[in-house]
Amino acid sequence: MMTASRPFGAPRNAVALVMVWLMLSVVATPLFQPVVLDEIEVVMTTETSWQGLEQPWSQYARTPTHNQTVPAHSPDGGPGTGSIDNMTSLATLENPVINWQVFSGQTESDAYGSVIGDFSQSVSASETASERCGEGTLFPVMISSEIVDSTRTSYLNIVSGNDAKIAWKVSLGATETIRSTPIIHDIDDDGFPEVIVTYDTQGAFNIDVWSPRLTCTEANWQTSGHSNELVWSYSDAEVRIGSPSPHWPTANSDHLAVTQPLLADLELDGTPEVIVALVDDPNNNPLVKVNAYSLTTAQPTEEEWSVSLDRGTHPSDPVWAQLDSTTSSVVLTTIDGESGNMWIWKIDGSTGSLDWERVAVQGTDSDADSPRLRLPGPIIVQLDQDSAPEMILTVPTDANGRTSGSGARFIGMELTSTTEVFNFRAQNGYADTQPMALDTDDDGIDDRLCWVTWYSEESFNFNRKGMLGCTDISDSTPVTEWTRDLQRGAGNDNDEIAASPPFWLDIDGEGTPEVLVGFGRRFWAFDGDTGASADINNAWSTPLSMPHRVWSAPAIADVDGDGHIDVLYG
């Protein structure tokens with residue numbers, strides 16, 4: 001589903017299709033000449049390293065650090081009465097409405113993340129058809145599937161940002177449910193971006209690389225007939241990207257614990273690689289592996305490097321950090337599904353050697369039931385004045401179930417040592433997604449952490465509730481500023497798993513930026529200072545109802561090219 005900001009009294013009509021995209025902002029204007037706005041830089045980079053901002057929102061959480069860098073926006077942004085070409089920032093999400101929805105007959109996209117690409121150079125259209133063929137707009141990329149005779153067939157789709165029409169579609173064949181988010185990247189720098197998809201079939205882990213060519217006429221998009229646009233396909237029968245969850249309700253509702261692929265510049269040479277956390281023999285004797293693959297137009301014959309992690313049954317998403325001008329690292333956690341014990345691993349980006357091996361995470365709980373849905377990965381942040389970044393880990397377990405007081409744990413750690421910076425627990429609930437760090441005073445140091453959890457309200461049913469909180473992490477003893485309960489709205493009990501991470505926007509131009517989150521079948525915004533939705537404006541005083549559950553991480557960009565920020569939820 002896509003949600004957009006409009007001046008009061010001028011809402012857009014929702015298109016009656018099914019997959020909801022809410023949209024914020026990265027700018028592109030006329031096809032072939034996208035406008036580039038300033039980005040909010042969060043991590044140290046070098047002039048030669050690949051930063052991941054060439055595309056509007058190219059991978060899960062947008063950047064390799066998973067800090068969800070949002071495009072430049074403000075309450076005074078947008079074109080106003082002038083030209084979009086002259087904008088310096090996008091208009092913010094002041095008055096949310098559902099802009100369009102896609103995939104009739106399906107509740108939501110399969111992937112746990114949303115991505116948006118600029119495919120303007122890949123579109124072939126006559127001059128008379130250019131306006132109706134997506135000129136000046138961006139293109140969401142998403143996974144859908146259908147089940148016939150107990151066999152799931154998955155599809156890769158590219159959707160036009162202005163009218164939610166399927167512009168390009170290919171079959172990926174019979175697969176497991178594809179929860180891993182596609183990646184958008186121009187592998188050979190020819191101006192035509194590729195789409196990278198990672199998924200499991202019954203017999204193997206797979207990586208597909210597609211180079212879409214979109215054709216549009218006055219009549220319609222040429223949706224089918226693109227099977228010859230597969231650049232290469234790689235498979236490995238020894239590993240899987242999805243593992244059975246130890247949580248009984250999850251395991252018995254056809255949900256695997258799946259990781260998200262990472263696109264990052266491991267050698268700091270300007271060329272990114274794909275990194276994936278996998279499991280060898282996940283059903284019987286799980287061994288976690290992290291594999292890196294080079295990205296060229298030729299199919300790889302083997303991994304760039306592969307490292308085995310001999311503790312834990314389930315890996316988190318991997319993330320990337322640049323430590324100095326010559327060194328990058330991949331970091332992730334693993335958890336033992338039978339004990340709840342966790343470990344943090346730091347891998348040298350260029351060689352794949354283990355810098356940290358079997359470093360136990362302190363403060364874990366005895367829990368034979370985690371991860372519930374998925375294990376959240378670290379996020380890379382800046383917690384002090386030195387040049388090296390830090391990271392924040394998520395321990396997903398709730399020590400006392402639905403009783404308040406001991407929810408999921410969040411740990412700030414140095415990346416150049418194993419020293420803790422802070423350690424605190426959420427008020428209540430399990431964590432199935434990473435938190436969001438925020439620099440509230442613009443001094444370059446993250447001083448607030450906003451998190452979302454969920455818990456069962458009663459022991460004899462599956463009624464669940466979400467909780468969003470923001471904690472001051474500027475001191476070694478963190479203080480939670482505010483918390484808010486989240487109810488799902490319509491839907492069923494499974495909708496009440498908090499799998500979508502929070503993000504921030506400046507909606508009202510006052511004080512701390514607002515915190516937004518999707519939970520259940522609702523989209524919420526809370527004033528950054530008070531936690532009260534009504535303190536933003538009347539439009540946000542109640543949550544926006546969504547036509548499907550919101551499990552995916554959002555993508556934020558100006559999808560339809562009108563100068564207003566949009567939020568896309570799959």
# chains A, B, ... in the order shown; residues from 1 in each chain; ligands from 1
call {"tool": "residues_around", "arguments": {"residues": "Gln362 in chain A", "least_positions_apart": "6", "cutoff": "10 Å", "atoms": "only C-alpha atoms", "output": "list in words"}}
result
Asn341, Met342, Trp343, Val395, Ile411, Glu420 and Asn423 of chain A
call {"tool": "residues_around", "arguments": {"residues": "range 298-306 of chain A", "least_positions_apart": "4", "cutoff": "8 Å", "atoms": "only C-alpha atoms", "output": "ChimeraX atom specification"}}
result
/A:231-234,289-294,351-352
call {"tool": "select_by_dssp", "arguments": {"residues": "range 191-312 of chain A", "states": "helix (DSSP H, G or I)", "output": "list in words"}}
result
Ser227, Asn228, Glu229, Trp248, Pro249, Thr250 and Ala251 of chain A
call {"tool": "write_last_selection", "arguments": {"atoms": "N, CA and C atoms", "output": "short mmCIF file (atom, residue, chain, number, x, y, z; two decimals), in the first residue's frame"}}
result
data_model
loop_
_atom_site.label_atom_id
_atom_site.label_comp_id
_atom_site.auth_asym_id
_atom_site.auth_seq_id
_atom_site.Cartn_x
_atom_site.Cartn_y
_atom_site.Cartn_z
N SER A 227 11.22 -13.41 -19.68
CA SER A 227 12.05 -14.48 -19.13
C SER A 227 13.49 -14.44 -19.66
N ASN A 228 13.69 -13.84 -20.82
CA ASN A 228 15.04 -13.75 -21.39
C ASN A 228 15.88 -12.64 -20.76
N GLU A 229 15.33 -11.93 -19.80
CA GLU A 229 16.05 -10.84 -19.14
C GLU A 229 16.74 -11.30 -17.85
N TRP A 248 6.26 -22.53 18.42
CA TRP A 248 5.27 -23.46 17.88
C TRP A 248 4.23 -22.77 16.99
N PRO A 249 3.60 -21.66 17.40
CA PRO A 249 2.61 -21.04 16.51
C PRO A 249 3.21 -20.59 15.18
N THR A 250 4.46 -20.13 15.20
CA THR A 250 5.11 -19.72 13.95
C THR A 250 5.41 -20.92 13.07
N ALA A 251 5.99 -21.95 13.68
CA ALA A 251 6.36 -23.15 12.91
C ALA A 251 5.14 -23.83 12.31
#
call {"tool": "closest_residue", "arguments": {"among": "A:Gly518, A:Pro396, A:Gly82, A:Gly136", "to": "Val361 in chain A", "atoms": "only C-alpha atoms"}}
result
A:Pro396
call {"tool": "select_by_dssp", "arguments": {"residues": "range 322-511 of chain A", "states": "strand (DSSP E or B)", "output": "number ranges by chain"}}
result
A: 322, 328-335, 342-348, 354-360, 379-381, 390-395, 409-414, 420-425, 430, 436-438, 448-456, 464-472, 479-486, 503-505
call {"tool": "write_last_selection", "arguments": {"atoms": "C-alpha atoms", "output": "compact mmCIF listing (two decimals), in the first residue's frame"}}
result
# COMPACT_ATOMS: atom_id res chain seq x y z
CA GLN A 322 33.11 1.05 7.82
CA SER A 328 34.95 -2.63 6.71
CA SER A 329 33.17 -5.28 8.75
CA VAL A 330 30.07 -7.43 8.52
CA VAL A 331 28.35 -7.92 11.87
CA LEU A 332 25.46 -10.13 12.90
CA THR A 333 24.16 -12.11 15.85
CA THR A 334 23.13 -15.74 16.23
CA ILE A 335 20.74 -17.27 18.76
CA MET A 342 23.23 -15.33 21.76
CA TRP A 343 26.56 -14.45 20.17
CA ILE A 344 27.85 -11.46 18.22
CA TRP A 345 30.14 -12.02 15.23
CA LYS A 346 32.36 -9.50 13.46
CA ILE A 347 33.75 -10.51 10.06
CA ASP A 348 36.45 -8.68 8.11
CA LEU A 354 36.52 -13.67 11.92
CA ASP A 355 37.60 -10.61 13.90
CA TRP A 356 35.29 -11.63 16.77
CA GLU A 357 34.60 -15.29 17.35
CA ARG A 358 31.98 -16.63 19.75
CA VAL A 359 31.57 -13.38 21.69
CA ALA A 360 28.65 -14.12 24.00
CA ILE A 379 22.08 -1.39 13.44
CA ILE A 380 25.17 0.78 12.95
CA VAL A 381 25.10 4.09 14.82
CA GLU A 390 29.12 1.74 17.19
CA MET A 391 26.32 -0.81 16.94
CA ILE A 392 23.08 -1.59 18.76
CA LEU A 393 22.07 -5.23 19.25
CA THR A 394 18.61 -6.64 19.88
CA VAL A 395 18.04 -9.51 22.30
CA ARG A 409 16.87 -6.04 25.53
CA PHE A 410 18.87 -3.47 23.55
CA ILE A 411 22.65 -3.25 23.89
CA GLY A 412 24.93 -0.51 22.60
CA MET A 413 28.46 -1.76 21.86
CA GLU A 414 31.72 -0.47 20.50
CA GLU A 420 29.19 -2.08 26.21
CA VAL A 421 27.99 1.52 25.95
CA PHE A 422 24.52 0.89 27.37
CA ASN A 423 22.15 -1.98 28.14
CA PHE A 424 18.42 -1.72 28.84
CA ARG A 425 15.16 -3.62 28.44
CA TYR A 430 9.31 -9.62 22.16
CA MET A 436 15.65 3.00 15.10
CA ALA A 437 18.34 5.39 16.38
CA LEU A 438 17.80 9.14 16.26
CA ARG A 448 17.56 8.27 21.31
CA LEU A 449 16.49 4.73 20.46
CA CYS A 450 12.93 3.95 19.41
CA TRP A 451 11.79 0.34 19.47
CA VAL A 452 8.67 -1.72 18.84
CA THR A 453 7.71 -5.01 20.53
CA TRP A 454 4.67 -7.25 20.93
CA TYR A 455 3.25 -9.55 23.60
CA SER A 456 0.24 -11.75 24.37
CA ARG A 464 -1.68 -9.68 21.25
CA LYS A 465 -0.71 -6.06 21.67
CA GLY A 466 2.16 -3.96 20.39
CA MET A 467 4.29 -1.43 22.26
CA LEU A 468 6.31 1.45 20.84
CA GLY A 469 8.80 3.24 23.03
CA CYS A 470 11.59 5.81 22.79
CA THR A 471 14.54 5.71 25.19
CA ASP A 472 17.18 8.36 25.89
CA VAL A 479 15.88 6.46 30.46
CA THR A 480 12.70 5.62 28.55
CA GLU A 481 10.99 8.88 27.57
CA TRP A 482 7.61 7.44 26.63
CA THR A 483 5.80 4.27 25.55
CA ARG A 484 2.53 3.74 23.70
CA ASP A 485 0.33 0.67 23.30
CA LEU A 486 -0.56 -0.41 19.76
CA PHE A 503 11.23 5.25 11.34
CA TRP A 504 11.30 9.02 11.78
CA LEU A 505 9.97 12.01 9.86
call {"tool": "residues_around", "arguments": {"residues": "Ala167 in chain A", "least_positions_apart": "6", "cutoff": "9 Å", "atoms": "only C-alpha atoms", "output": "list in words"}}
result
Cys133, Phe139, Asn157, Ile158, Val159, Ser160, Leu214, Thr215, Cys216, Asn220, Trp221, Gln222, Thr223 and Ser224 of chain A
call {"tool": "closest_residue", "arguments": {"among": "A:Thr151, A:Glu146, A:Ala490, A:Phe119", "to": "Phe192 in chain A", "atoms": "only C-alpha atoms"}}
result
A:Phe119
call {"tool": "closest_residue", "arguments": {"among": "A:Gly340, A:Gly563, A:Pro182, A:Pro212", "to": "His247 in chain A", "atoms": "only C-alpha atoms"}}
result
A:Gly340
call {"tool": "residues_around", "arguments": {"residues": "Asp317 in chain A", "least_positions_apart": "3", "cutoff": "8 Å", "atoms": "only C-alpha atoms", "output": "PyMOL selection string"}}
result
chain A and resi 259-262+276-277+332-333+375-378
call {"tool": "write_last_selection", "arguments": {"atoms": "C-alpha atoms", "output": "mmCIF file, in the first residue's frame"}}
result
data_model
loop_
_atom_site.group_PDB
_atom_site.id
_atom_site.type_symbol
_atom_site.label_atom_id
_atom_site.label_comp_id
_atom_site.auth_asym_id
_atom_site.auth_seq_id
_atom_site.Cartn_x
_atom_site.Cartn_y
_atom_site.Cartn_z
ATOM 1 C CA THR A 259 17.222 -13.313 6.846
ATOM 2 C CA GLN A 260 17.570 -10.273 4.600
ATOM 3 C CA PRO A 261 20.374 -10.070 2.002
ATOM 4 C CA LEU A 262 22.858 -7.218 2.301
ATOM 5 C CA VAL A 276 23.765 -13.482 2.928
ATOM 6 C CA ALA A 277 23.350 -15.210 6.298
ATOM 7 C CA LEU A 332 25.457 -10.135 12.901
ATOM 8 C CA THR A 333 24.157 -12.107 15.848
ATOM 9 C CA LEU A 375 15.976 -12.485 14.608
ATOM 10 C CA PRO A 376 16.561 -8.715 14.252
ATOM 11 C CA GLY A 377 20.033 -7.722 13.128
ATOM 12 C CA PRO A 378 22.281 -5.005 14.570
#
call {"tool": "closest_residue", "arguments": {"among": "A:Asn99, A:Asn494, A:Thr542, A:Ser130", "to": "Asp254 in chain A", "atoms": "only C-alpha atoms"}}
result
A:Asn494
call {"tool": "closest_residue", "arguments": {"among": "A:Ser545, A:Ser325, A:Asn538, A:Ser211", "to": "Phe523 in chain A", "atoms": "only C-alpha atoms"}}
result
A:Ser545
call {"tool": "atom_distance", "arguments": {"atom1": "CA of Leu263 in chain A", "atom2": "CA of Ile184 in chain A"}}
result
9.2 Å
call {"tool": "residues_around", "arguments": {"residues": "Ile178 in chain A", "least_positions_apart": "5", "cutoff": "6 Å", "atoms": "only C-alpha atoms", "output": "list of chain:residue names"}}
result
A:Asp110, A:Ala111, A:Tyr199
call {"tool": "atom_distance", "arguments": {"atom1": "CA of Gln55 in chain A", "atom2": "CA of Val209 in chain A"}}
result
16.6 Å
call {"tool": "residues_around", "arguments": {"residues": "Asp188 in chain A", "least_positions_apart": "5", "cutoff": "12 Å", "atoms": "only C-alpha atoms", "output": "MDAnalysis selection string"}}
result
chainID A and resid 193:194 211 231 271:272 295:298
call {"tool": "write_last_selection", "arguments": {"atoms": "N, CA and C atoms", "output": "PDB file, in the first residue's frame"}}
result
ATOM      1  N   PRO A 193      19.336  -0.580 -14.230  1.00  0.00           N
ATOM      2  CA  PRO A 193      19.511  -1.287 -12.961  1.00  0.00           C
ATOM      3  C   PRO A 193      19.061  -2.739 -13.033  1.00  0.00           C
ATOM      4  N   GLU A 194      19.783  -3.577 -12.301  1.00  0.00           N
ATOM      5  CA  GLU A 194      19.409  -4.981 -12.142  1.00  0.00           C
ATOM      6  C   GLU A 194      18.626  -5.164 -10.835  1.00  0.00           C
ATOM      7  N   SER A 211      17.761  -8.166 -15.350  1.00  0.00           N
ATOM      8  CA  SER A 211      17.983  -6.829 -15.908  1.00  0.00           C
ATOM      9  C   SER A 211      16.719  -6.416 -16.657  1.00  0.00           C
ATOM     10  N   VAL A 231      19.833 -12.412 -16.073  1.00  0.00           N
ATOM     11  CA  VAL A 231      21.276 -12.282 -16.319  1.00  0.00           C
ATOM     12  C   VAL A 231      21.991 -13.550 -15.891  1.00  0.00           C
ATOM     13  N   THR A 271      32.725  -0.927  -5.461  1.00  0.00           N
ATOM     14  CA  THR A 271      31.911  -1.998  -6.038  1.00  0.00           C
ATOM     15  C   THR A 271      31.338  -2.857  -4.919  1.00  0.00           C
ATOM     16  N   PRO A 272      30.021  -2.898  -4.751  1.00  0.00           N
ATOM     17  CA  PRO A 272      29.447  -3.662  -3.649  1.00  0.00           C
ATOM     18  C   PRO A 272      29.334  -5.151  -3.957  1.00  0.00           C
ATOM     19  N   LEU A 295      29.444  -9.343  -7.582  1.00  0.00           N
ATOM     20  CA  LEU A 295      28.363  -9.004  -8.494  1.00  0.00           C
ATOM     21  C   LEU A 295      28.934  -8.516  -9.815  1.00  0.00           C
ATOM     22  N   THR A 296      28.839  -9.354 -10.831  1.00  0.00           N
ATOM     23  CA  THR A 296      29.180  -8.976 -12.197  1.00  0.00           C
ATOM     24  C   THR A 296      28.075  -9.514 -13.090  1.00  0.00           C
ATOM     25  N   THR A 297      28.242  -9.374 -14.383  1.00  0.00           N
ATOM     26  CA  THR A 297      27.251  -9.917 -15.307  1.00  0.00           C
ATOM     27  C   THR A 297      27.444 -11.408 -15.541  1.00  0.00           C
ATOM     28  N   ALA A 298      28.488 -11.993 -14.943  1.00  0.00           N
ATOM     29  CA  ALA A 298      28.745 -13.429 -15.078  1.00  0.00           C
ATOM     30  C   ALA A 298      28.342 -14.152 -13.796  1.00  0.00           C
TER      31      ALA A 298
END
